[in-house]
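Below is upload_33.pdb, which holds PDB, C-alpha atoms, pLDDT in the B column.
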MODEL        1
ATOM      1  CA  MET A   1       0.000   0.000   0.000  1.00 53.00           C
ATOM      2  CA  ALA A   2       1.979   2.932  -1.299  1.00 63.00           C
ATOM      3  CA  LEU A   3       1.233   6.304   0.240  1.00 70.00           C
ATOM      4  CA  ASP A   4      -1.265   8.415  -1.677  1.00 78.00           C
ATOM      5  CA  ARG A   5       0.649  11.571  -0.782  1.00 83.00           C
ATOM      6  CA  GLN A   6       4.189  12.842  -0.658  1.00 91.00           C
ATOM      7  CA  LEU A   7       6.272  11.267   2.096  1.00 95.00           C
ATOM      8  CA  GLU A   8       7.253  13.662   4.919  1.00 97.00           C
ATOM      9  CA  ILE A   9      10.796  13.158   6.209  1.00 97.00           C
ATOM     10  CA  LEU A  10      12.522  15.028   9.009  1.00 96.00           C
ATOM     11  CA  ALA A  11      16.298  15.248   9.411  1.00 95.00           C
ATOM     12  CA  VAL A  12      17.042  15.937  13.067  1.00 94.00           C
ATOM     13  CA  CYS A  13      20.080  17.135  14.972  1.00 89.00           C
ATOM     14  CA  GLY A  14      20.687  18.632  18.381  1.00 83.00           C
ATOM     15  CA  VAL A  15      20.554  22.288  17.420  1.00 75.00           C
ATOM     16  CA  GLY A  16      18.979  22.174  13.953  1.00 60.00           C
ATOM     17  CA  MET A  17      21.696  24.007  12.119  1.00 70.00           C
ATOM     18  CA  GLY A  18      24.558  22.643  10.024  1.00 82.00           C
ATOM     19  CA  SER A  19      24.424  18.927  10.639  1.00 88.00           C
ATOM     20  CA  SER A  20      20.687  18.591  10.050  1.00 89.00           C
ATOM     21  CA  LEU A  21      21.035  20.577   6.821  1.00 92.00           C
ATOM     22  CA  MET A  22      23.814  18.236   5.660  1.00 93.00           C
ATOM     23  CA  LEU A  23      21.643  15.259   6.580  1.00 94.00           C
ATOM     24  CA  LYS A  24      18.684  16.792   4.716  1.00 95.00           C
ATOM     25  CA  MET A  25      20.757  17.053   1.533  1.00 96.00           C
ATOM     26  CA  THR A  26      22.076  13.508   1.942  1.00 97.00           C
ATOM     27  CA  ALA A  27      18.517  12.229   2.485  1.00 97.00           C
ATOM     28  CA  GLU A  28      17.265  14.048  -0.629  1.00 98.00           C
ATOM     29  CA  ASP A  29      20.036  12.416  -2.695  1.00 97.00           C
ATOM     30  CA  ALA A  30      19.366   8.996  -1.158  1.00 98.00           C
ATOM     31  CA  LEU A  31      15.620   9.248  -1.788  1.00 97.00           C
ATOM     32  CA  ARG A  32      16.193  10.336  -5.387  1.00 96.00           C
ATOM     33  CA  SER A  33      18.499   7.355  -5.908  1.00 97.00           C
ATOM     34  CA  ILE A  34      15.748   4.930  -4.841  1.00 95.00           C
ATOM     35  CA  GLY A  35      13.005   6.793  -6.707  1.00 93.00           C
ATOM     36  CA  VAL A  36      11.020   8.047  -3.720  1.00 94.00           C
ATOM     37  CA  ASP A  37       9.178  11.364  -3.897  1.00 90.00           C
ATOM     38  CA  ALA A  38       9.438  13.026  -0.504  1.00 95.00           C
ATOM     39  CA  ARG A  39       9.596  16.372   1.177  1.00 97.00           C
ATOM     40  CA  VAL A  40      12.580  16.566   3.514  1.00 97.00           C
ATOM     41  CA  GLU A  41      12.801  19.170   6.261  1.00 96.00           C
ATOM     42  CA  ASN A  42      15.452  19.682   8.910  1.00 94.00           C
ATOM     43  CA  ALA A  43      14.964  20.674  12.539  1.00 93.00           C
ATOM     44  CA  ASP A  44      16.417  20.501  15.997  1.00 91.00           C
ATOM     45  CA  VAL A  45      15.040  17.997  18.520  1.00 91.00           C
ATOM     46  CA  SER A  46      12.862  20.566  20.336  1.00 91.00           C
ATOM     47  CA  THR A  47      11.179  21.745  17.131  1.00 92.00           C
ATOM     48  CA  ALA A  48      10.808  18.154  15.911  1.00 92.00           C
ATOM     49  CA  ARG A  49       8.653  17.283  18.921  1.00 92.00           C
ATOM     50  CA  GLY A  50       5.891  19.483  17.513  1.00 93.00           C
ATOM     51  CA  MET A  51       5.941  17.866  14.071  1.00 94.00           C
ATOM     52  CA  SER A  52       4.388  14.677  12.683  1.00 94.00           C
ATOM     53  CA  PRO A  53       6.592  13.301   9.892  1.00 97.00           C
ATOM     54  CA  ASP A  54       6.431   9.826   8.360  1.00 97.00           C
ATOM     55  CA  VAL A  55      10.172   9.293   8.833  1.00 97.00           C
ATOM     56  CA  VAL A  56      12.748  10.749  11.222  1.00 96.00           C
ATOM     57  CA  ILE A  57      16.456  10.485  10.428  1.00 96.00           C
ATOM     58  CA  GLY A  58      19.191  11.404  12.881  1.00 93.00           C
ATOM     59  CA  GLN A  59      21.994  10.285  15.144  1.00 89.00           C
ATOM     60  CA  GLY A  60      21.130   7.818  17.879  1.00 86.00           C
ATOM     61  CA  MET A  61      21.427  10.315  20.718  1.00 86.00           C
ATOM     62  CA  HIS A  62      18.700  12.400  19.057  1.00 84.00           C
ATOM     63  CA  THR A  63      16.437   9.713  17.606  1.00 85.00           C
ATOM     64  CA  GLU A  64      16.176   8.009  21.013  1.00 83.00           C
ATOM     65  CA  GLU A  65      14.558  11.186  22.376  1.00 85.00           C
ATOM     66  CA  ILE A  66      11.899  11.264  19.643  1.00 88.00           C
ATOM     67  CA  ALA A  67      11.491   7.593  18.758  1.00 88.00           C
ATOM     68  CA  ASP A  68       7.711   7.820  19.066  1.00 91.00           C
ATOM     69  CA  LEU A  69       7.427  10.794  16.696  1.00 92.00           C
ATOM     70  CA  ALA A  70       7.123   8.830  13.442  1.00 96.00           C
ATOM     71  CA  PRO A  71       6.301   5.314  12.211  1.00 95.00           C
ATOM     72  CA  VAL A  72       9.852   5.035  10.860  1.00 96.00           C
ATOM     73  CA  VAL A  73      12.922   6.256  12.756  1.00 96.00           C
ATOM     74  CA  ILE A  74      16.308   5.750  11.120  1.00 96.00           C
ATOM     75  CA  THR A  75      19.499   6.130  13.116  1.00 94.00           C
ATOM     76  CA  ILE A  76      22.594   7.090  11.163  1.00 93.00           C
ATOM     77  CA  SER A  77      26.230   7.487  12.095  1.00 91.00           C
ATOM     78  CA  ASP A  78      27.589   9.155   8.931  1.00 91.00           C
ATOM     79  CA  PHE A  79      25.763  12.264   7.724  1.00 89.00           C
ATOM     80  CA  LEU A  80      27.320  11.955   4.270  1.00 92.00           C
ATOM     81  CA  ASP A  81      26.775   8.222   3.574  1.00 95.00           C
ATOM     82  CA  LYS A  82      24.158   8.473   0.822  1.00 97.00           C
ATOM     83  CA  GLU A  83      24.359   4.784  -0.139  1.00 97.00           C
ATOM     84  CA  GLY A  84      24.004   3.587   3.444  1.00 97.00           C
ATOM     85  CA  LEU A  85      21.029   5.850   4.046  1.00 98.00           C
ATOM     86  CA  ALA A  86      19.445   4.798   0.730  1.00 98.00           C
ATOM     87  CA  ALA A  87      19.707   1.143   1.790  1.00 98.00           C
ATOM     88  CA  GLN A  88      18.124   1.849   5.182  1.00 97.00           C
ATOM     89  CA  LEU A  89      15.348   3.909   3.589  1.00 97.00           C
ATOM     90  CA  ARG A  90      14.646   1.187   1.017  1.00 97.00           C
ATOM     91  CA  ASP A  91      14.392  -1.447   3.753  1.00 97.00           C
ATOM     92  CA  ARG A  92      12.327   0.567   6.229  1.00 97.00           C
ATOM     93  CA  LEU A  93       9.962   2.133   3.669  1.00 96.00           C
ATOM     94  CA  GLY A  94       9.487  -1.308   2.143  1.00 95.00           C
ATOM     95  CA  GLU A  95       8.548  -2.707   5.566  1.00 95.00           C
ATOM     96  CA  GLN A  96       5.823  -0.052   5.771  1.00 95.00           C
ATOM     97  CA  GLY A  97       4.586  -0.867   2.260  1.00 92.00           C
ATOM     98  CA  TRP A  98       5.437   2.658   1.134  1.00 92.00           C
ATOM     99  CA  LEU A  99       7.507   1.699  -1.907  1.00 88.00           C
ATOM    100  CA  ALA A 100       5.811   1.353  -5.269  1.00 70.00           C
TER
ENDMDL
END

In structure tokens, write the structure found in this file.
Amino acid sequence: MALDRQLEILAVCGVGMGSSLMLKMTAEDALRSIGVDARVENADVSTARGMSPDVVIGQGMHTEEIADLAPVVITISDFLDKEGLAAQLRDRLGEQGWLA
């Protein structure tokens, strides 16, 4: 059951500045590489708590704080690893039935 709307993805970091922006760009590249249409935003943990994305991506220390925010939470260790993130996205979105 693919989503009937654009996927909402949130890249999260502690303060919402540079690292979440880098992660946002990496996520956009990774999603493009697997053919997924999504809107990616970036935010700090505090701002993220008021949002309701489909997917949250961030480092473990941040995703643990907001694990209940989205149906899919992906923990990353390398903000620039597009291939690794693409593989995780493919697996996790597939588990949800969100891939066409």

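Neighbouring residues of region 47-61 of chain A at 9 Å or closer, counting all atoms listed in the file and skipping chain neighbours under 6 positions away, are Leu7, Glu8, Ile9, Leu10, Ala11, Val12, Cys13, Gly14, Gly16, Ser20, Leu23, Lys24, Ala27, Ala67, Leu69, Ala70, Pro71, Val72, Val73, Ile74, Thr75, Ile76, Ser77, Asp78, Phe79 and Leu93 of chain A.
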
Nearest candidate to Arg90 (chain A) (options A:Val45, A:Ala30, A:Met25, A:Leu3; using only C-alpha atoms): A:Ala30

Using only C-alpha atoms, which of the listed residues (A:Leu89, A:Ala100, A:Ile34, A:Val40) sits closest to Met22 (chain A)? A:Val40

State, in Å with one decimal place, the distance from CA of Gly35 (chain A) to CA of His62 (chain A). 27.0 Å

Any idea what the distance is between CA of Asp44 (chain A) and CA of Glu95 (chain A)? 26.6 Å

Can you tell me, as a PDB file with C-alpha atoms, in the coordinates of the input, what residues are no more than 12 Å from Asp4 (chain A) when counting only C-alpha atoms, ignoring any on the same chain fewer than 6 positions away?
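Below you can see out25.pdb, which holds the result:
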ATOM      1  CA  ASP A  37       9.178  11.364  -3.897  1.00 90.00           C
ATOM      2  CA  ALA A  38       9.438  13.026  -0.504  1.00 95.00           C
ATOM      3  CA  GLY A  97       4.586  -0.867   2.260  1.00 92.00           C
ATOM      4  CA  TRP A  98       5.437   2.658   1.134  1.00 92.00           C
ATOM      5  CA  LEU A  99       7.507   1.699  -1.907  1.00 88.00           C
ATOM      6  CA  ALA A 100       5.811   1.353  -5.269  1.00 70.00           C
TER       7      ALA A 100
END

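CA of Val15 (chain A) to CA of Gln96 (chain A) spans 29.2 Å [interatomic distance, one decimal].
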
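The smallest atom-to-atom distance between Thr26 (chain A) and any of A:Arg92, A:Arg5, A:Lys82, A:Arg39, using all atoms listed in the file, is found for A:Lys82.
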
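Closest to Glu28 (chain A) among A:Gly94, A:Thr63, A:Asp68, A:Asn42 is A:Asn42, based on all atoms listed in the file.
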
Please return the centre and edge lengths, in Å to one decimal, of a box with edges along x, y and z that contains all listed atoms of region 5-18 of chain A, widened by 6 Å on every side, as AutoDock Vina command-line options.
--center_x 12.6 --center_y 17.6 --center_z 8.8 --size_x 35.9 --size_y 24.7 --size_z 31.2

One residue among A:Leu21, A:Gly84, A:Asp29, A:Gln6 is nearest to Glu41 (chain A) when using all atoms listed in the file, and that residue is A:Leu21

Subset file: chain A, C-alpha atoms, as a short mmCIF file (atom, residue, chain, number, x, y, z; two decimals), in the first residue's frame:
data_model
loop_
_atom_site.label_atom_id
_atom_site.label_comp_id
_atom_site.auth_asym_id
_atom_site.auth_seq_id
_atom_site.Cartn_x
_atom_site.Cartn_y
_atom_site.Cartn_z
CA MET A 1 0.00 0.00 0.00
CA ALA A 2 1.98 2.93 -1.30
CA LEU A 3 1.23 6.30 0.24
CA ASP A 4 -1.27 8.41 -1.68
CA ARG A 5 0.65 11.57 -0.78
CA GLN A 6 4.19 12.84 -0.66
CA LEU A 7 6.27 11.27 2.10
CA GLU A 8 7.25 13.66 4.92
CA ILE A 9 10.80 13.16 6.21
CA LEU A 10 12.52 15.03 9.01
CA ALA A 11 16.30 15.25 9.41
CA VAL A 12 17.04 15.94 13.07
CA CYS A 13 20.08 17.14 14.97
CA GLY A 14 20.69 18.63 18.38
CA VAL A 15 20.55 22.29 17.42
CA GLY A 16 18.98 22.17 13.95
CA MET A 17 21.70 24.01 12.12
CA GLY A 18 24.56 22.64 10.02
CA SER A 19 24.42 18.93 10.64
CA SER A 20 20.69 18.59 10.05
CA LEU A 21 21.04 20.58 6.82
CA MET A 22 23.81 18.24 5.66
CA LEU A 23 21.64 15.26 6.58
CA LYS A 24 18.68 16.79 4.72
CA MET A 25 20.76 17.05 1.53
CA THR A 26 22.08 13.51 1.94
CA ALA A 27 18.52 12.23 2.49
CA GLU A 28 17.26 14.05 -0.63
CA ASP A 29 20.04 12.42 -2.70
CA ALA A 30 19.37 9.00 -1.16
CA LEU A 31 15.62 9.25 -1.79
CA ARG A 32 16.19 10.34 -5.39
CA SER A 33 18.50 7.36 -5.91
CA ILE A 34 15.75 4.93 -4.84
CA GLY A 35 13.01 6.79 -6.71
CA VAL A 36 11.02 8.05 -3.72
CA ASP A 37 9.18 11.36 -3.90
CA ALA A 38 9.44 13.03 -0.50
CA ARG A 39 9.60 16.37 1.18
CA VAL A 40 12.58 16.57 3.51
CA GLU A 41 12.80 19.17 6.26
CA ASN A 42 15.45 19.68 8.91
CA ALA A 43 14.96 20.67 12.54
CA ASP A 44 16.42 20.50 16.00
CA VAL A 45 15.04 18.00 18.52
CA SER A 46 12.86 20.57 20.34
CA THR A 47 11.18 21.74 17.13
CA ALA A 48 10.81 18.15 15.91
CA ARG A 49 8.65 17.28 18.92
CA GLY A 50 5.89 19.48 17.51
CA MET A 51 5.94 17.87 14.07
CA SER A 52 4.39 14.68 12.68
CA PRO A 53 6.59 13.30 9.89
CA ASP A 54 6.43 9.83 8.36
CA VAL A 55 10.17 9.29 8.83
CA VAL A 56 12.75 10.75 11.22
CA ILE A 57 16.46 10.48 10.43
CA GLY A 58 19.19 11.40 12.88
CA GLN A 59 21.99 10.29 15.14
CA GLY A 60 21.13 7.82 17.88
CA MET A 61 21.43 10.31 20.72
CA HIS A 62 18.70 12.40 19.06
CA THR A 63 16.44 9.71 17.61
CA GLU A 64 16.18 8.01 21.01
CA GLU A 65 14.56 11.19 22.38
CA ILE A 66 11.90 11.26 19.64
CA ALA A 67 11.49 7.59 18.76
CA ASP A 68 7.71 7.82 19.07
CA LEU A 69 7.43 10.79 16.70
CA ALA A 70 7.12 8.83 13.44
CA PRO A 71 6.30 5.31 12.21
CA VAL A 72 9.85 5.03 10.86
CA VAL A 73 12.92 6.26 12.76
CA ILE A 74 16.31 5.75 11.12
CA THR A 75 19.50 6.13 13.12
CA ILE A 76 22.59 7.09 11.16
CA SER A 77 26.23 7.49 12.10
CA ASP A 78 27.59 9.15 8.93
CA PHE A 79 25.76 12.26 7.72
CA LEU A 80 27.32 11.95 4.27
CA ASP A 81 26.77 8.22 3.57
CA LYS A 82 24.16 8.47 0.82
CA GLU A 83 24.36 4.78 -0.14
CA GLY A 84 24.00 3.59 3.44
CA LEU A 85 21.03 5.85 4.05
CA ALA A 86 19.45 4.80 0.73
CA ALA A 87 19.71 1.14 1.79
CA GLN A 88 18.12 1.85 5.18
CA LEU A 89 15.35 3.91 3.59
CA ARG A 90 14.65 1.19 1.02
CA ASP A 91 14.39 -1.45 3.75
CA ARG A 92 12.33 0.57 6.23
CA LEU A 93 9.96 2.13 3.67
CA GLY A 94 9.49 -1.31 2.14
CA GLU A 95 8.55 -2.71 5.57
CA GLN A 96 5.82 -0.05 5.77
CA GLY A 97 4.59 -0.87 2.26
CA TRP A 98 5.44 2.66 1.13
CA LEU A 99 7.51 1.70 -1.91
CA ALA A 100 5.81 1.35 -5.27
#
